[in-house]
$ cat query20.pdb   # PDB, C-alpha atoms
ATOM      1  CA  MET H   1     -33.779 -32.437 119.627
ATOM      2  CA  LYS H   2     -30.198 -32.515 118.356
ATOM      3  CA  LYS H   3     -29.449 -30.221 115.425
ATOM      4  CA  GLY H   4     -26.781 -30.365 112.765
ATOM      5  CA  LEU H   5     -25.260 -28.450 109.868
ATOM      6  CA  ILE H   6     -23.997 -29.963 106.616
ATOM      7  CA  PHE H   7     -21.710 -28.037 104.275
ATOM      8  CA  LEU H   8     -21.390 -29.237 100.685
ATOM      9  CA  ASN H   9     -18.966 -28.233  97.948
ATOM     10  CA  GLY H  10     -21.432 -26.391  95.717
ATOM     11  CA  ASN H  11     -21.769 -22.623  95.631
ATOM     12  CA  ALA H  12     -20.408 -21.324  98.916
ATOM     13  CA  PRO H  13     -22.766 -19.368 101.155
ATOM     14  CA  SER H  14     -22.128 -15.629 101.196
ATOM     15  CA  ILE H  15     -19.927 -14.128 103.881
ATOM     16  CA  ASN H  16     -22.996 -12.560 105.473
ATOM     17  CA  GLU H  17     -24.769 -15.928 105.488
ATOM     18  CA  LEU H  18     -21.803 -17.724 107.036
ATOM     19  CA  GLN H  19     -21.442 -15.013 109.680
ATOM     20  CA  GLY H  20     -25.137 -15.345 110.487
ATOM     21  CA  ILE H  21     -25.142 -19.105 111.075
ATOM     22  CA  ASP H  22     -25.530 -20.155 114.703
ATOM     23  CA  PHE H  23     -23.057 -23.008 115.168
ATOM     24  CA  ARG H  24     -23.543 -23.282 118.939
ATOM     25  CA  GLY H  25     -24.432 -26.764 120.165
ATOM     26  CA  LYS H  26     -24.796 -28.168 116.656
ATOM     27  CA  SER H  27     -22.987 -31.068 115.005
ATOM     28  CA  VAL H  28     -21.122 -29.914 111.909
ATOM     29  CA  VAL H  29     -20.300 -32.247 109.010
ATOM     30  CA  CYS H  30     -18.301 -30.871 106.095
ATOM     31  CA  ALA H  31     -17.958 -32.523 102.694
ATOM     32  CA  ASP H  32     -14.596 -32.318 100.935
ATOM     33  CA  GLY H  33     -13.839 -28.926  99.354
ATOM     34  CA  ALA H  34     -16.505 -27.140 101.390
ATOM     35  CA  TYR H  35     -13.865 -26.980 104.104
ATOM     36  CA  ASP H  36     -12.096 -24.270 102.082
ATOM     37  CA  TYR H  37     -14.941 -21.803 102.745
ATOM     38  CA  LEU H  38     -16.003 -23.143 106.156
ATOM     39  CA  LYS H  39     -12.638 -23.181 107.942
ATOM     40  CA  ASP H  40     -12.680 -19.455 108.781
ATOM     41  CA  TYR H  41     -16.041 -19.793 110.551
ATOM     42  CA  ALA H  42     -16.160 -23.219 112.195
ATOM     43  CA  ILE H  43     -14.202 -26.422 112.695
ATOM     44  CA  PRO H  44     -16.316 -29.411 111.625
ATOM     45  CA  ASP H  45     -16.912 -32.376 113.878
ATOM     46  CA  VAL H  46     -16.366 -34.573 110.826
ATOM     47  CA  LEU H  47     -14.721 -33.833 107.483
ATOM     48  CA  LEU H  48     -15.511 -36.512 104.912
ATOM     49  CA  GLY H  49     -15.293 -37.314 101.218
ATOM     50  CA  ASP H  50     -12.846 -38.573  98.646
ATOM     51  CA  PHE H  51     -10.886 -35.293  98.941
ATOM     52  CA  ASP H  52     -10.639 -34.710  95.216
ATOM     53  CA  SER H  53     -11.520 -31.022  95.555
ATOM     54  CA  ILE H  54     -10.138 -29.827  98.887
ATOM     55  CA  THR H  55      -7.076 -27.567  98.868
ATOM     56  CA  GLU H  56      -5.492 -29.222 101.912
ATOM     57  CA  VAL H  57      -6.731 -31.856 104.344
ATOM     58  CA  PRO H  58      -6.282 -30.283 107.795
ATOM     59  CA  SER H  59      -4.855 -31.879 110.893
ATOM     60  CA  GLY H  60      -6.707 -31.885 114.192
ATOM     61  CA  VAL H  61     -10.063 -32.667 112.550
ATOM     62  CA  THR H  62     -11.866 -36.015 112.485
ATOM     63  CA  VAL H  63     -11.429 -37.132 108.885
ATOM     64  CA  LYS H  64     -13.278 -39.915 107.089
ATOM     65  CA  LYS H  65     -11.778 -40.573 103.671
ATOM     66  CA  PHE H  66     -13.572 -42.588 100.999
ATOM     67  CA  PRO H  67     -12.330 -43.847  97.635
ATOM     68  CA  VAL H  68     -13.053 -41.735  94.554
ATOM     69  CA  ASP H  69     -14.871 -44.705  92.995
ATOM     70  CA  LYS H  70     -17.474 -44.928  95.739
ATOM     71  CA  ASP H  71     -21.181 -45.757  95.501
ATOM     72  CA  TYR H  72     -22.480 -42.618  97.237
ATOM     73  CA  THR H  73     -22.024 -38.875  96.900
ATOM     74  CA  ASP H  74     -20.309 -36.927  99.651
ATOM     75  CA  GLY H  75     -23.683 -35.381 100.479
ATOM     76  CA  HIS H  76     -25.251 -38.817 100.913
ATOM     77  CA  LEU H  77     -22.424 -39.827 103.234
ATOM     78  CA  ALA H  78     -22.833 -36.578 105.189
ATOM     79  CA  VAL H  79     -26.528 -37.271 105.825
ATOM     80  CA  LEU H  80     -25.717 -40.794 107.015
ATOM     81  CA  GLU H  81     -23.036 -39.344 109.293
ATOM     82  CA  MET H  82     -25.641 -37.055 110.836
ATOM     83  CA  LYS H  83     -27.765 -40.099 111.624
ATOM     84  CA  ALA H  84     -24.762 -41.745 113.303
ATOM     85  CA  LEU H  85     -24.272 -38.581 115.382
ATOM     86  CA  GLY H  86     -27.860 -38.776 116.620
ATOM     87  CA  VAL H  87     -29.002 -35.635 114.813
ATOM     88  CA  SER H  88     -32.707 -35.235 114.033
ATOM     89  CA  GLU H  89     -32.795 -31.779 112.410
ATOM     90  CA  VAL H  90     -30.353 -30.612 109.719
ATOM     91  CA  GLU H  91     -29.642 -27.501 107.664
ATOM     92  CA  ILE H  92     -27.737 -28.122 104.408
ATOM     93  CA  TYR H  93     -25.546 -25.419 102.859
ATOM     94  CA  GLY H  94     -23.652 -25.413  99.552
ATOM     95  CA  ALA H  95     -26.204 -27.627  97.764
ATOM     96  CA  TYR H  96     -26.674 -25.238  94.838
ATOM     97  CA  GLY H  97     -24.338 -24.808  91.884
ATOM     98  CA  GLY H  98     -21.648 -26.920  90.307
ATOM     99  CA  ARG H  99     -22.684 -29.743  88.005
ATOM    100  CA  PRO H 100     -26.457 -29.979  87.401
ATOM    101  CA  ASP H 101     -26.487 -33.700  88.180
ATOM    102  CA  HIS H 102     -24.792 -32.994  91.520
ATOM    103  CA  GLU H 103     -27.358 -30.301  92.289
ATOM    104  CA  TYR H 104     -30.217 -32.691  91.493
ATOM    105  CA  ALA H 105     -28.612 -35.348  93.709
ATOM    106  CA  ASN H 106     -28.340 -32.775  96.510
ATOM    107  CA  PHE H 107     -32.087 -32.094  96.325
ATOM    108  CA  ALA H 108     -32.615 -35.832  96.769
ATOM    109  CA  LEU H 109     -30.757 -35.622 100.098
ATOM    110  CA  LEU H 110     -33.967 -34.236 101.583
ATOM    111  CA  ALA H 111     -35.767 -37.481 100.769
ATOM    112  CA  LEU H 112     -32.852 -39.524 102.098
ATOM    113  CA  ALA H 113     -32.893 -37.591 105.360
ATOM    114  CA  ASP H 114     -36.658 -38.046 105.706
ATOM    115  CA  SER H 115     -36.322 -41.794 105.147
ATOM    116  CA  ILE H 116     -33.996 -42.130 108.157
ATOM    117  CA  GLY H 117     -35.920 -39.866 110.496
ATOM    118  CA  ILE H 118     -34.099 -36.577 109.940
ATOM    119  CA  SER H 119     -35.903 -33.333 109.151
ATOM    120  CA  ALA H 120     -33.740 -31.453 106.637
ATOM    121  CA  VAL H 121     -33.828 -28.160 104.749
ATOM    122  CA  ILE H 122     -31.546 -26.909 101.990
ATOM    123  CA  LYS H 123     -30.531 -23.313 102.691
ATOM    124  CA  GLY H 124     -29.761 -20.682 100.071
ATOM    125  CA  ASP H 125     -31.426 -18.031  97.939
ATOM    126  CA  TYR H 126     -34.309 -20.499  97.960
ATOM    127  CA  ASP H 127     -34.787 -22.738 100.980
ATOM    128  CA  ILE H 128     -36.105 -26.178 100.013
ATOM    129  CA  TYR H 129     -38.258 -28.334 102.291
ATOM    130  CA  PHE H 130     -39.359 -31.952 101.793
ATOM    131  CA  VAL H 131     -43.054 -32.186 102.661
ATOM    132  CA  THR H 132     -44.857 -35.451 103.329
ATOM    133  CA  ASP H 133     -47.682 -34.205 105.568
ATOM    134  CA  GLN H 134     -47.961 -30.723 107.104
ATOM    135  CA  ILE H 135     -45.520 -27.842 107.264
ATOM    136  CA  LYS H 136     -45.565 -24.195 108.351
ATOM    137  CA  VAL H 137     -42.799 -21.907 107.096
ATOM    138  CA  SER H 138     -42.130 -18.240 107.815
ATOM    139  CA  VAL H 139     -41.694 -16.158 104.662
ATOM    140  CA  GLU H 140     -41.641 -12.529 103.577
ATOM    141  CA  LYS H 141     -44.733 -11.331 101.747
ATOM    142  CA  ASN H 142     -44.473 -11.308  97.923
ATOM    143  CA  LYS H 143     -41.566 -13.755  97.892
ATOM    144  CA  THR H 144     -41.818 -16.608  95.397
ATOM    145  CA  VAL H 145     -43.078 -19.948  96.685
ATOM    146  CA  SER H 146     -43.191 -23.075  94.511
ATOM    147  CA  LEU H 147     -44.663 -26.525  95.145
ATOM    148  CA  LEU H 148     -43.193 -29.271  92.968
ATOM    149  CA  PRO H 149     -43.817 -33.019  93.150
ATOM    150  CA  TYR H 150     -40.933 -35.218  94.244
ATOM    151  CA  SER H 151     -42.945 -38.421  93.905
ATOM    152  CA  ASP H 152     -44.577 -39.219  90.541
ATOM    153  CA  THR H 153     -47.801 -37.676  91.844
ATOM    154  CA  ALA H 154     -48.641 -35.720  94.971
ATOM    155  CA  HIS H 155     -51.939 -34.501  96.341
ATOM    156  CA  ILE H 156     -52.122 -31.251  98.281
ATOM    157  CA  ILE H 157     -55.084 -31.137 100.642
ATOM    158  CA  SER H 158     -54.831 -27.464 101.547
ATOM    159  CA  THR H 159     -52.602 -24.404 101.609
ATOM    160  CA  LYS H 160     -52.647 -21.087 103.455
ATOM    161  CA  GLY H 161     -50.817 -17.845 102.801
ATOM    162  CA  LEU H 162     -50.418 -18.206  99.027
ATOM    163  CA  LYS H 163     -51.653 -15.877  96.276
ATOM    164  CA  PHE H 164     -52.965 -18.808  94.241
ATOM    165  CA  CYS H 165     -54.861 -21.366  96.304
ATOM    166  CA  ALA H 166     -53.548 -24.911  95.909
ATOM    167  CA  ASP H 167     -56.294 -26.682  97.853
ATOM    168  CA  ASN H 168     -57.243 -30.142  96.580
ATOM    169  CA  LEU H 169     -54.524 -29.962  93.938
ATOM    170  CA  THR H 170     -52.856 -32.994  92.374
ATOM    171  CA  LEU H 171     -49.344 -32.445  91.075
ATOM    172  CA  ASN H 172     -47.406 -34.706  88.757
ATOM    173  CA  LYS H 173     -44.137 -34.405  86.889
ATOM    174  CA  LEU H 174     -45.942 -33.582  83.637
ATOM    175  CA  HIS H 175     -48.105 -30.900  85.242
ATOM    176  CA  LEU H 176     -45.999 -28.485  87.281
ATOM    177  CA  ILE H 177     -48.783 -26.035  88.053
ATOM    178  CA  GLY H 178     -47.429 -25.402  91.543
ATOM    179  CA  ILE H 179     -44.467 -23.351  90.344
ATOM    180  CA  SER H 180     -44.090 -19.568  90.787
ATOM    181  CA  ASN H 181     -46.746 -18.872  93.394
ATOM    182  CA  SER H 182     -46.143 -16.101  95.945
ATOM    183  CA  ALA H 183     -46.670 -15.445  99.628
ATOM    184  CA  VAL H 184     -49.438 -13.053 100.712
ATOM    185  CA  GLU H 185     -48.909 -13.624 104.443
ATOM    186  CA  ASP H 186     -45.822 -13.985 106.640
ATOM    187  CA  GLU H 187     -46.409 -17.716 107.025
ATOM    188  CA  VAL H 188     -47.136 -20.378 104.428
ATOM    189  CA  CYS H 189     -48.882 -23.598 105.428
ATOM    190  CA  VAL H 190     -49.040 -26.705 103.234
ATOM    191  CA  ASN H 191     -50.899 -29.928 103.983
ATOM    192  CA  VAL H 192     -49.964 -32.869 101.767
ATOM    193  CA  GLY H 193     -52.238 -35.897 101.788
ATOM    194  CA  LYS H 194     -50.428 -38.208  99.387
ATOM    195  CA  GLY H 195     -46.965 -38.330  97.888
ATOM    196  CA  HIS H 196     -44.004 -36.047  98.469
ATOM    197  CA  VAL H 197     -43.612 -32.370  97.629
ATOM    198  CA  LEU H 198     -40.612 -30.067  97.425
ATOM    199  CA  LEU H 199     -41.456 -26.633  98.816
ATOM    200  CA  PHE H 200     -39.220 -23.837  97.476
ATOM    201  CA  VAL H 201     -39.276 -20.568  99.458
ATOM    202  CA  GLN H 202     -37.432 -17.496  98.163
ATOM    203  CA  ARG H 203     -35.252 -15.899 100.827
ATOM    204  CA  ARG H 204     -33.377 -13.240  98.831
TER     205      ARG H 204
END
$ encode --input "query20.pdb" --output "C-alpha cells"
Amino acid sequence: MKKGLIFLNGNAPSINELQGIDFRGKSVVCADGAYDYLKDYAIPDVLLGDFDSITEVPSGVTVKKFPVDKDYTDGHLAVLEMKALGVSEVEIYGAYGGRPDHEYANFALLALADSIGISAVIKGDYDIYFVTDQIKVSVEKNKTVSLLPYSDTAHIISTKGLKFCADNLTLNKLHLIGISNSAVEDEVCVNVGKGHVLLFVQRR
C-alpha cells in the first residue's frame, strides 16, 4: 500500500510535528506556499499550484504550474496528483487556517480522496477522518471526539469507546448532536450504515 503526504498552505505544522513526520518511502506533494515551511524538512516529489503565495519557486524540484484563474484549488490538484502517483493512503497537513472558505474546501478533500479510492486524513490539533463504513482510531482518553454529517443525513449503526453512546443515531445538518463527545477508551470505533460522517479526534 503506497502512502503519501500532502502539504497545504494553511497554518503550518509546528516544528515538533514536522520533525516527527516519517517521510521515508512516501510520495510528497506540496501545494504552493507550503514549500516555505516544508523545505527545511523534505524535498517534495511534486510542487504544484499557481504560485501566488510562494516566496521563491525552487530549482531541482518537479514543478507543475497552473493558472491563477483555474477551476480547482491547489489541494484538489494535490489529491489528484496523489492518484496519478499510485498512492492509496494520504496524510494532509496545513489544511487548517487561512480563509474560512479555503478551510471548508480542504475538509472536502477527504470526500474527493474517498471518491477516487484514496484513504485520507487531515492532520493537526484535530485529526479529521472521512467515514463511510467502519473505522477504528487510536485516541487518548478524555480527548474530544466529534461526529458530524458530511452528507445531508448520516446514520450511525454503532460506536465504541465514547462517553455518550451514538448507537442507532441519525445525524443531519440541522441536528449536530454528535459534536463534543469524548473518548473513554484508547480506541474509538464508529460504524456508519448510511451517508458520510466526518470524525474529528483531538490530538493536542
$ closest_residue --input "query20.pdb" --among "H:Val192, H:Cys165, H:Leu47, H:Val29" --to "Leu85 of chain H" --atoms "all atoms listed in the file"
H:Val29
$ closest_residue --input "query20.pdb" --among "H:Lys39, H:Lys123, H:Arg203, H:Lys136" --to "Ile6 of chain H" --atoms "only C-alpha atoms"
H:Lys123
$ resolve_selection --input "query20.pdb" --expression "the PyMOL selection byres ((chain H and resi 106-115) around 10)" --output "MDAnalysis selection string"
chainID H and resid 8 10 73:80 82:83 88:90 92 94:96 100:105 116:122 128:132 150:151 196:198
$ resolve_selection --input "query20.pdb" --expression "the PyMOL selection byres ((chain H and resi 35) around 12)" --output "PDB file with C-alpha atoms, keeping the file's coordinate frame"
ATOM      1  CA  ILE H   6     -23.997 -29.963 106.616  1.00  0.00           C
ATOM      2  CA  PHE H   7     -21.710 -28.037 104.275  1.00  0.00           C
ATOM      3  CA  LEU H   8     -21.390 -29.237 100.685  1.00  0.00           C
ATOM      4  CA  ASN H   9     -18.966 -28.233  97.948  1.00  0.00           C
ATOM      5  CA  GLY H  10     -21.432 -26.391  95.717  1.00  0.00           C
ATOM      6  CA  ALA H  12     -20.408 -21.324  98.916  1.00  0.00           C
ATOM      7  CA  VAL H  28     -21.122 -29.914 111.909  1.00  0.00           C
ATOM      8  CA  VAL H  29     -20.300 -32.247 109.010  1.00  0.00           C
ATOM      9  CA  CYS H  30     -18.301 -30.871 106.095  1.00  0.00           C
ATOM     10  CA  ALA H  31     -17.958 -32.523 102.694  1.00  0.00           C
ATOM     11  CA  ASP H  32     -14.596 -32.318 100.935  1.00  0.00           C
ATOM     12  CA  GLY H  33     -13.839 -28.926  99.354  1.00  0.00           C
ATOM     13  CA  ALA H  34     -16.505 -27.140 101.390  1.00  0.00           C
ATOM     14  CA  ASP H  36     -12.096 -24.270 102.082  1.00  0.00           C
ATOM     15  CA  TYR H  37     -14.941 -21.803 102.745  1.00  0.00           C
ATOM     16  CA  LEU H  38     -16.003 -23.143 106.156  1.00  0.00           C
ATOM     17  CA  LYS H  39     -12.638 -23.181 107.942  1.00  0.00           C
ATOM     18  CA  ASP H  40     -12.680 -19.455 108.781  1.00  0.00           C
ATOM     19  CA  TYR H  41     -16.041 -19.793 110.551  1.00  0.00           C
ATOM     20  CA  ALA H  42     -16.160 -23.219 112.195  1.00  0.00           C
ATOM     21  CA  ILE H  43     -14.202 -26.422 112.695  1.00  0.00           C
ATOM     22  CA  PRO H  44     -16.316 -29.411 111.625  1.00  0.00           C
ATOM     23  CA  ASP H  45     -16.912 -32.376 113.878  1.00  0.00           C
ATOM     24  CA  VAL H  46     -16.366 -34.573 110.826  1.00  0.00           C
ATOM     25  CA  LEU H  47     -14.721 -33.833 107.483  1.00  0.00           C
ATOM     26  CA  LEU H  48     -15.511 -36.512 104.912  1.00  0.00           C
ATOM     27  CA  GLY H  49     -15.293 -37.314 101.218  1.00  0.00           C
ATOM     28  CA  PHE H  51     -10.886 -35.293  98.941  1.00  0.00           C
ATOM     29  CA  SER H  53     -11.520 -31.022  95.555  1.00  0.00           C
ATOM     30  CA  ILE H  54     -10.138 -29.827  98.887  1.00  0.00           C
ATOM     31  CA  THR H  55      -7.076 -27.567  98.868  1.00  0.00           C
ATOM     32  CA  GLU H  56      -5.492 -29.222 101.912  1.00  0.00           C
ATOM     33  CA  VAL H  57      -6.731 -31.856 104.344  1.00  0.00           C
ATOM     34  CA  PRO H  58      -6.282 -30.283 107.795  1.00  0.00           C
ATOM     35  CA  VAL H  61     -10.063 -32.667 112.550  1.00  0.00           C
ATOM     36  CA  VAL H  63     -11.429 -37.132 108.885  1.00  0.00           C
ATOM     37  CA  TYR H  93     -25.546 -25.419 102.859  1.00  0.00           C
ATOM     38  CA  GLY H  94     -23.652 -25.413  99.552  1.00  0.00           C
TER      39      GLY H  94
END
$ resolve_selection --input "query20.pdb" --expression "the PyMOL selection byres ((chain H and resi 160) around 9)" --output "list in words"
Ser158, Thr159, Gly161, Leu162, Lys163, Cys165, Ala166, Asp167, Glu185, Glu187, Val188, Cys189 and Val190 of chain H
$ write_last_selection --input "query20.pdb" --atoms "C-alpha atoms" --output "mmCIF file, in the frame of the given file"
data_model
loop_
_atom_site.group_PDB
_atom_site.id
_atom_site.type_symbol
_atom_site.label_atom_id
_atom_site.label_comp_id
_atom_site.auth_asym_id
_atom_site.auth_seq_id
_atom_site.Cartn_x
_atom_site.Cartn_y
_atom_site.Cartn_z
ATOM 1 C CA SER H 158 -54.831 -27.464 101.547
ATOM 2 C CA THR H 159 -52.602 -24.404 101.609
ATOM 3 C CA GLY H 161 -50.817 -17.845 102.801
ATOM 4 C CA LEU H 162 -50.418 -18.206 99.027
ATOM 5 C CA LYS H 163 -51.653 -15.877 96.276
ATOM 6 C CA CYS H 165 -54.861 -21.366 96.304
ATOM 7 C CA ALA H 166 -53.548 -24.911 95.909
ATOM 8 C CA ASP H 167 -56.294 -26.682 97.853
ATOM 9 C CA GLU H 185 -48.909 -13.624 104.443
ATOM 10 C CA GLU H 187 -46.409 -17.716 107.025
ATOM 11 C CA VAL H 188 -47.136 -20.378 104.428
ATOM 12 C CA CYS H 189 -48.882 -23.598 105.428
ATOM 13 C CA VAL H 190 -49.040 -26.705 103.234
#
$ atom_distance --input "query20.pdb" --atom1 "atom CA of Gly4 of chain H" --atom2 "atom CA of Lys70 of chain H"
24.3 Å
$ closest_residue --input "query20.pdb" --among "H:Val145, H:Ala154, H:Leu18, H:Ile135" --to "Ala183 of chain H" --atoms "all atoms listed in the file"
H:Val145
$ atom_distance --input "query20.pdb" --atom1 "atom CA of Ile15 of chain H" --atom2 "atom CA of Gly97 of chain H"
16.7 Å
$ atom_distance --input "query20.pdb" --atom1 "atom CA of Thr153 of chain H" --atom2 "atom CA of Ser180 of chain H"
18.5 Å
$ build_atoms --input "query20.pdb" --residues "segment 8-27 of chain H" --atoms "N, CA, C and O atoms" --output "compact mmCIF listing (two decimals), keeping the file's coordinate frame"
# COMPACT_ATOMS: atom_id res chain seq x y z
N LEU H 8 -21.75 -28.54 101.91
CA LEU H 8 -21.39 -29.24 100.68
C LEU H 8 -20.55 -28.33 99.79
O LEU H 8 -20.53 -27.12 99.94
N ASN H 9 -19.91 -28.95 98.80
CA ASN H 9 -18.97 -28.23 97.95
C ASN H 9 -19.62 -27.69 96.68
O ASN H 9 -19.08 -27.79 95.59
N GLY H 10 -20.82 -27.11 96.83
CA GLY H 10 -21.43 -26.39 95.72
C GLY H 10 -21.07 -24.92 95.84
O GLY H 10 -19.97 -24.57 96.27
N ASN H 11 -22.01 -24.06 95.45
CA ASN H 11 -21.77 -22.62 95.63
C ASN H 11 -21.67 -22.31 97.12
O ASN H 11 -22.57 -22.64 97.89
N ALA H 12 -20.60 -21.65 97.51
CA ALA H 12 -20.41 -21.32 98.92
C ALA H 12 -21.44 -20.30 99.38
O ALA H 12 -21.82 -19.40 98.62
N PRO H 13 -21.91 -20.43 100.60
CA PRO H 13 -22.77 -19.37 101.16
C PRO H 13 -22.02 -18.04 101.17
O PRO H 13 -20.78 -18.01 101.20
N SER H 14 -22.76 -16.95 101.13
CA SER H 14 -22.13 -15.63 101.20
C SER H 14 -21.47 -15.43 102.55
O SER H 14 -21.76 -16.14 103.53
N ILE H 15 -20.58 -14.45 102.61
CA ILE H 15 -19.93 -14.13 103.88
C ILE H 15 -20.97 -13.76 104.93
O ILE H 15 -20.91 -14.21 106.09
N ASN H 16 -21.95 -12.95 104.53
CA ASN H 16 -23.00 -12.56 105.47
C ASN H 16 -23.77 -13.77 105.98
O ASN H 16 -24.13 -13.85 107.16
N GLU H 17 -24.03 -14.73 105.08
CA GLU H 17 -24.77 -15.93 105.49
C GLU H 17 -23.94 -16.77 106.45
O GLU H 17 -24.45 -17.23 107.48
N LEU H 18 -22.67 -16.94 106.16
CA LEU H 18 -21.80 -17.72 107.04
C LEU H 18 -21.68 -17.05 108.40
O LEU H 18 -21.69 -17.73 109.44
N GLN H 19 -21.56 -15.74 108.41
CA GLN H 19 -21.44 -15.01 109.68
C GLN H 19 -22.73 -15.09 110.49
O GLN H 19 -22.70 -14.98 111.72
N GLY H 20 -23.86 -15.31 109.80
CA GLY H 20 -25.14 -15.34 110.49
C GLY H 20 -25.55 -16.72 110.98
O GLY H 20 -26.57 -16.85 111.67
N ILE H 21 -24.79 -17.75 110.65
CA ILE H 21 -25.14 -19.10 111.08
C ILE H 21 -24.81 -19.30 112.55
O ILE H 21 -23.71 -18.96 113.01
N ASP H 22 -25.74 -19.85 113.28
CA ASP H 22 -25.53 -20.16 114.70
C ASP H 22 -24.98 -21.58 114.82
O ASP H 22 -25.71 -22.55 114.62
N PHE H 23 -23.71 -21.70 115.09
CA PHE H 23 -23.06 -23.01 115.17
C PHE H 23 -23.15 -23.62 116.57
O PHE H 23 -22.84 -24.80 116.75
N ARG H 24 -23.59 -22.85 117.54
CA ARG H 24 -23.54 -23.28 118.94
C ARG H 24 -24.37 -24.54 119.18
O ARG H 24 -25.56 -24.59 118.83
N GLY H 25 -23.74 -25.55 119.77
CA GLY H 25 -24.43 -26.76 120.16
C GLY H 25 -24.86 -27.66 119.02
O GLY H 25 -25.62 -28.61 119.23
N LYS H 26 -24.38 -27.39 117.82
CA LYS H 26 -24.80 -28.17 116.66
C LYS H 26 -23.64 -29.02 116.12
O LYS H 26 -22.49 -28.60 116.13
N SER H 27 -23.98 -30.22 115.66
CA SER H 27 -22.99 -31.07 115.00
C SER H 27 -22.74 -30.54 113.60
O SER H 27 -23.69 -30.20 112.88
